[in-house]
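Here is the structure we will look at.
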Amino acid sequence: MNVDINQLKNIYKENILSVQEKYLLQQSNFLSTVYCRYLKDLDSANIVLYFAKNLHLKILRRRENEIDYEISLESFWNNHKNIDQENLKIINVSNETGLPKETARRKIINLIQQKVLKKNNNKISWEPREKDKLSFNKIIEVEIEYITKIASTIIKHLNIEVSNQQIYSDIKKNFSFFWFHFLSSQLKCMKIWQIELKDLELLLIIVECAIQTNRYLTRTHNKKIDQDISAMSISTVTGIPRATCIRKLEKLVSMRLVKKNEKTKRYSLNLKNLEFNKNTITKTVNEVCSFYDILIKTLIRSKK
């Protein structure tokens, strides 16, 4: 069957609570992981993701010339070693991430000093340390599980018979293809919120508040499930220090994106003010649906 991206957007909107719960959990895991992995700084993580995205693009270019070239997750580090990474300019990093040029330059220098990026002559590339390579595949496999759950939920509403195992296996088998498109979508979403909030840690905190609110609404106001969440809980899940969480939560309260219960000192999403961010949310949903449109269409073709 043919799948249209507008179908996916309608499925997202019509099944907002069930689809969004899985998407928010995926974002919580992904953003928290890269935050802790890359210097506890989402801007730095964003820069690394840009370098990784371009590496996957170079791998796919090799596939264009060698039809049997392996692009699986299992082959990734071998490909990483054999691919000549592109020399990316600071201005390109700035444009892709939404960071000011000088901020991007300063964070790239720090990433080089911390041995996350590598500078050889004037060329900068993504060259993780061996210990980071060992944990990379496990992190990716968990992330693929989250993506599989989201894709499976959407596919069920499309009445397409594709098993979770097939989705998971296909992503691993064609890892660089899917990961290039995933990172492209992720970078666009993060740039949208970077422009809106000027601080990606605020986005991570909003995601945690949204998860709790979504659970409360999904369970039809179940009194056993709280609508709000504490700064300590957010800190535990994200890795952001508690004092920083409190400071940033108070900023979100002043922006009217989050509400604070003065008695319990807990926080929840300000649903009444979602219209304020309607355009930003719409752009994000469009980018997310674009990725799953590619994923689902590829799965259907491979099934045939």
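Labeling convention for the structure tokens: chains A, B, ... as they appear, residues from 1 per chain, ligands from 1 in order of appearance.
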Problem - range 10-211 of chain A: residues DSSP assigns to strand (DSSP E), reported as number ranges by chain - result: A: 117-120, 123-126
Exercise for the section: Tell me which protein, DNA and RNA residues are within 12 Å of Phe30 in chain A, counting only C-alpha atoms, leaving out same-chain ones fewer than 3 positions away, and put them as a PyMOL selection string. Expected result: chain A and resi 23-27+33-37+42+45-46+49+139-147+182-183+186+190+204+207+237-238
Selection from above, C-alpha atoms, as a compact mmCIF listing (two decimals), in the first residue's frame, can you write it?
```txt
# COMPACT_ATOMS: atom_id res chain seq x y z
CA TYR A 23 7.67 9.54 21.34
CA LEU A 24 8.26 11.48 24.57
CA LEU A 25 9.84 8.44 26.23
CA GLN A 26 12.14 8.04 23.22
CA GLN A 27 13.11 11.70 23.38
CA THR A 33 21.80 9.86 27.03
CA VAL A 34 23.55 12.35 24.75
CA TYR A 35 23.45 15.00 27.50
CA CYS A 36 25.33 12.72 29.92
CA ARG A 37 27.59 11.28 27.20
CA LEU A 42 23.06 19.38 24.89
CA ALA A 45 25.83 16.85 21.98
CA ASN A 46 24.02 18.52 19.10
CA LEU A 49 25.24 14.51 16.25
CA ILE A 139 22.96 2.69 23.46
CA ILE A 140 21.90 2.50 19.81
CA GLU A 141 20.13 -0.84 20.31
CA VAL A 142 18.04 0.65 23.13
CA GLU A 143 17.21 3.64 20.93
CA ILE A 144 16.17 1.35 18.08
CA GLU A 145 13.80 -0.40 20.49
CA TYR A 146 12.12 2.94 21.24
CA ILE A 147 11.86 3.79 17.53
CA PHE A 182 16.92 9.87 12.23
CA LEU A 183 19.77 12.26 13.05
CA GLN A 186 16.55 15.04 15.37
CA MET A 190 16.49 20.45 18.20
CA LEU A 204 14.68 18.14 28.12
CA VAL A 207 9.81 16.58 27.91
CA VAL A 237 16.03 10.75 35.01
CA THR A 238 17.96 13.34 33.00
```
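Rounded to one decimal, CA of Asn121 in chain A and CA of Ile108 in chain A lie 14.8 Å from each other.
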Practice task
Identify which of the residues A:Ser268, A:Asn164, A:Ser254, A:Ser176 lies closest to Thr213 in chain A, counting only C-alpha atoms when measuring atom-to-atom distances.
Solution key: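 Using only C-alpha atoms, Thr213 in chain A sits closest to A:Ser268.
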Exercise for the section: Find the residues around Gln227 in chain A up to 9 Å (only C-alpha atoms counted), leave out those fewer than 3 positions away in its own chain, and share them as number ranges by chain. Expected result: A: 209, 212-217, 221, 223, 267-269
Write a file of the just-selected residues containing all heavy atoms, as a short mmCIF file (atom, residue, chain, number, x, y, z; two decimals), in the first residue's frame.
```cif
data_model
loop_
_atom_site.label_atom_id
_atom_site.label_comp_id
_atom_site.auth_asym_id
_atom_site.auth_seq_id
_atom_site.Cartn_x
_atom_site.Cartn_y
_atom_site.Cartn_z
N CYS A 209 8.26 16.86 32.04
CA CYS A 209 6.96 17.34 32.52
C CYS A 209 5.83 16.82 31.63
O CYS A 209 4.76 16.42 32.11
CB CYS A 209 6.93 18.87 32.55
SG CYS A 209 8.01 19.62 33.78
N GLN A 212 4.90 13.10 32.28
CA GLN A 212 4.07 12.91 33.47
C GLN A 212 2.63 13.36 33.21
O GLN A 212 1.68 12.68 33.58
CB GLN A 212 4.66 13.70 34.64
CG GLN A 212 4.06 13.38 35.99
CD GLN A 212 4.34 11.95 36.43
OE1 GLN A 212 5.29 11.33 35.98
NE2 GLN A 212 3.51 11.42 37.31
N THR A 213 2.47 14.51 32.55
CA THR A 213 1.14 15.01 32.23
C THR A 213 0.42 14.07 31.27
O THR A 213 -0.77 13.79 31.42
CB THR A 213 1.23 16.42 31.61
OG1 THR A 213 1.87 17.30 32.54
CG2 THR A 213 -0.16 16.97 31.28
N ASN A 214 1.16 13.55 30.29
CA ASN A 214 0.58 12.64 29.30
C ASN A 214 0.10 11.34 29.96
O ASN A 214 -0.97 10.83 29.64
CB ASN A 214 1.62 12.31 28.22
CG ASN A 214 1.00 11.77 26.95
OD1 ASN A 214 0.58 12.51 26.08
ND2 ASN A 214 0.94 10.45 26.83
N ARG A 215 0.88 10.84 30.91
CA ARG A 215 0.48 9.62 31.63
C ARG A 215 -0.81 9.86 32.41
O ARG A 215 -1.70 9.01 32.46
CB ARG A 215 1.59 9.19 32.59
CG ARG A 215 2.76 8.50 31.90
CD ARG A 215 3.89 8.27 32.87
NE ARG A 215 4.97 7.50 32.25
CZ ARG A 215 6.19 7.41 32.73
NH1 ARG A 215 6.51 8.04 33.86
NH2 ARG A 215 7.11 6.70 32.11
N TYR A 216 -0.89 11.02 33.03
CA TYR A 216 -2.07 11.38 33.82
C TYR A 216 -3.31 11.44 32.93
O TYR A 216 -4.36 10.89 33.27
CB TYR A 216 -1.82 12.73 34.49
CG TYR A 216 -3.00 13.30 35.24
CD1 TYR A 216 -3.36 12.80 36.49
CD2 TYR A 216 -3.75 14.34 34.71
CE1 TYR A 216 -4.44 13.33 37.18
CE2 TYR A 216 -4.84 14.87 35.39
CZ TYR A 216 -5.17 14.37 36.63
OH TYR A 216 -6.24 14.89 37.31
N LEU A 217 -3.17 12.07 31.76
CA LEU A 217 -4.29 12.20 30.84
C LEU A 217 -4.65 10.87 30.19
O LEU A 217 -5.82 10.57 29.98
CB LEU A 217 -3.95 13.23 29.75
CG LEU A 217 -3.76 14.67 30.21
CD1 LEU A 217 -3.26 15.54 29.07
CD2 LEU A 217 -5.05 15.24 30.79
N HIS A 221 -7.24 10.67 34.17
CA HIS A 221 -7.16 11.36 35.46
C HIS A 221 -7.15 10.37 36.62
O HIS A 221 -7.80 10.59 37.65
CB HIS A 221 -8.31 12.34 35.61
CG HIS A 221 -8.30 13.42 34.58
ND1 HIS A 221 -9.15 14.49 34.61
CD2 HIS A 221 -7.55 13.60 33.46
CE1 HIS A 221 -8.93 15.27 33.57
NE2 HIS A 221 -7.97 14.74 32.86
N LYS A 223 -6.36 8.89 39.86
CA LYS A 223 -5.87 9.57 41.06
C LYS A 223 -4.57 8.97 41.59
O LYS A 223 -3.88 9.59 42.40
CB LYS A 223 -6.94 9.54 42.15
CG LYS A 223 -8.16 10.40 41.81
CD LYS A 223 -9.19 10.37 42.92
CE LYS A 223 -10.40 11.23 42.57
NZ LYS A 223 -11.41 11.20 43.63
N TYR A 267 5.92 20.30 39.63
CA TYR A 267 5.70 21.03 38.39
C TYR A 267 4.93 20.19 37.37
O TYR A 267 5.03 18.96 37.36
CB TYR A 267 7.04 21.44 37.77
CG TYR A 267 7.90 22.29 38.68
CD1 TYR A 267 8.70 21.71 39.67
CD2 TYR A 267 7.89 23.68 38.58
CE1 TYR A 267 9.48 22.48 40.52
CE2 TYR A 267 8.67 24.46 39.42
CZ TYR A 267 9.46 23.86 40.39
OH TYR A 267 10.24 24.63 41.22
N SER A 268 4.16 20.87 36.54
CA SER A 268 3.42 20.18 35.48
C SER A 268 3.37 21.06 34.24
O SER A 268 3.58 22.28 34.30
CB SER A 268 2.00 19.84 35.94
OG SER A 268 1.29 21.03 36.26
N LEU A 269 3.08 20.44 33.12
CA LEU A 269 2.97 21.17 31.86
C LEU A 269 1.78 22.12 31.92
O LEU A 269 0.72 21.77 32.44
CB LEU A 269 2.77 20.16 30.72
CG LEU A 269 3.19 20.58 29.31
CD1 LEU A 269 4.68 20.86 29.24
CD2 LEU A 269 2.82 19.48 28.32
#
```
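Reported to one decimal place, the separation of CA of Asp4 in chain A from CA of Thr218 in chain A is 27.2 Å.
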Problem - Which of A:Glu64, A:Glu130, A:Glu96, A:Asp41 sits closest to Trp77 in chain A [using only C-alpha atoms] - result: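 When distances to Trp77 in chain A are compared using only C-alpha atoms, the smallest one comes from A:Glu130.
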Show which residues sit within 9 Å of range 103-106 of chain A, as a CSV table (one decimal) with N, CA, C and O atoms, in the first residue's frame. Count only C-alpha atoms, and ignore same-chain residues fewer than 3 positions away.
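Written out: out03.csv:
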```
chain,number,residue,atom,x,y,z
A,43,ASP,N,24.0,21.3,23.8
A,43,ASP,CA,24.6,22.0,22.6
A,43,ASP,C,25.8,21.3,22.1
A,43,ASP,O,25.9,21.1,20.8
A,44,SER,N,26.7,20.8,23.0
A,44,SER,CA,27.8,20.0,22.5
A,44,SER,C,27.4,18.7,21.9
A,44,SER,O,27.9,18.3,20.9
A,47,ILE,N,26.2,19.2,18.4
A,47,ILE,CA,27.4,19.3,17.5
A,47,ILE,C,27.9,17.9,17.1
A,47,ILE,O,28.2,17.7,15.9
A,90,ILE,N,32.8,25.6,10.5
A,90,ILE,CA,32.1,26.1,11.7
A,90,ILE,C,30.8,26.7,11.3
A,90,ILE,O,29.8,26.5,12.0
A,91,ILE,N,30.7,27.4,10.2
A,91,ILE,CA,29.5,28.1,9.8
A,91,ILE,C,28.4,27.1,9.5
A,91,ILE,O,27.3,27.3,9.7
A,93,VAL,N,28.2,24.1,10.9
A,93,VAL,CA,27.8,23.6,12.2
A,93,VAL,C,26.8,24.5,12.8
A,93,VAL,O,25.8,24.2,13.4
A,94,SER,N,27.1,25.8,12.8
A,94,SER,CA,26.2,26.9,13.3
A,94,SER,C,24.9,26.9,12.6
A,94,SER,O,23.8,26.9,13.3
A,97,THR,N,22.8,23.6,13.6
A,97,THR,CA,22.4,23.5,15.0
A,97,THR,C,21.6,24.7,15.6
A,97,THR,O,20.9,24.5,16.6
A,99,LEU,N,23.1,27.3,16.7
A,99,LEU,CA,24.0,27.9,17.6
A,99,LEU,C,24.7,29.1,17.0
A,99,LEU,O,25.1,29.0,15.8
A,100,PRO,N,25.0,30.2,17.7
A,100,PRO,CA,25.8,31.3,17.1
A,100,PRO,C,27.2,30.7,16.7
A,100,PRO,O,27.7,29.8,17.4
A,109,ILE,N,36.0,23.4,20.2
A,109,ILE,CA,37.4,23.4,20.8
A,109,ILE,C,37.3,22.6,22.1
A,109,ILE,O,38.2,21.8,22.3
A,110,ASN,N,36.3,22.7,22.9
A,110,ASN,CA,36.1,22.0,24.1
A,110,ASN,C,36.0,20.5,23.8
A,110,ASN,O,36.5,19.6,24.5
A,111,LEU,N,35.2,20.2,22.8
A,111,LEU,CA,35.0,18.7,22.4
A,111,LEU,C,36.3,18.1,22.0
A,111,LEU,O,36.5,16.9,22.2
```
Exercise for the section: Can you work out which one of A:Val19, A:Ile294, A:Ile67, A:Leu39 has the shortest atom-to-atom distance to Gln113 in chain A, counting only C-alpha atoms? Expected result: A:Leu39
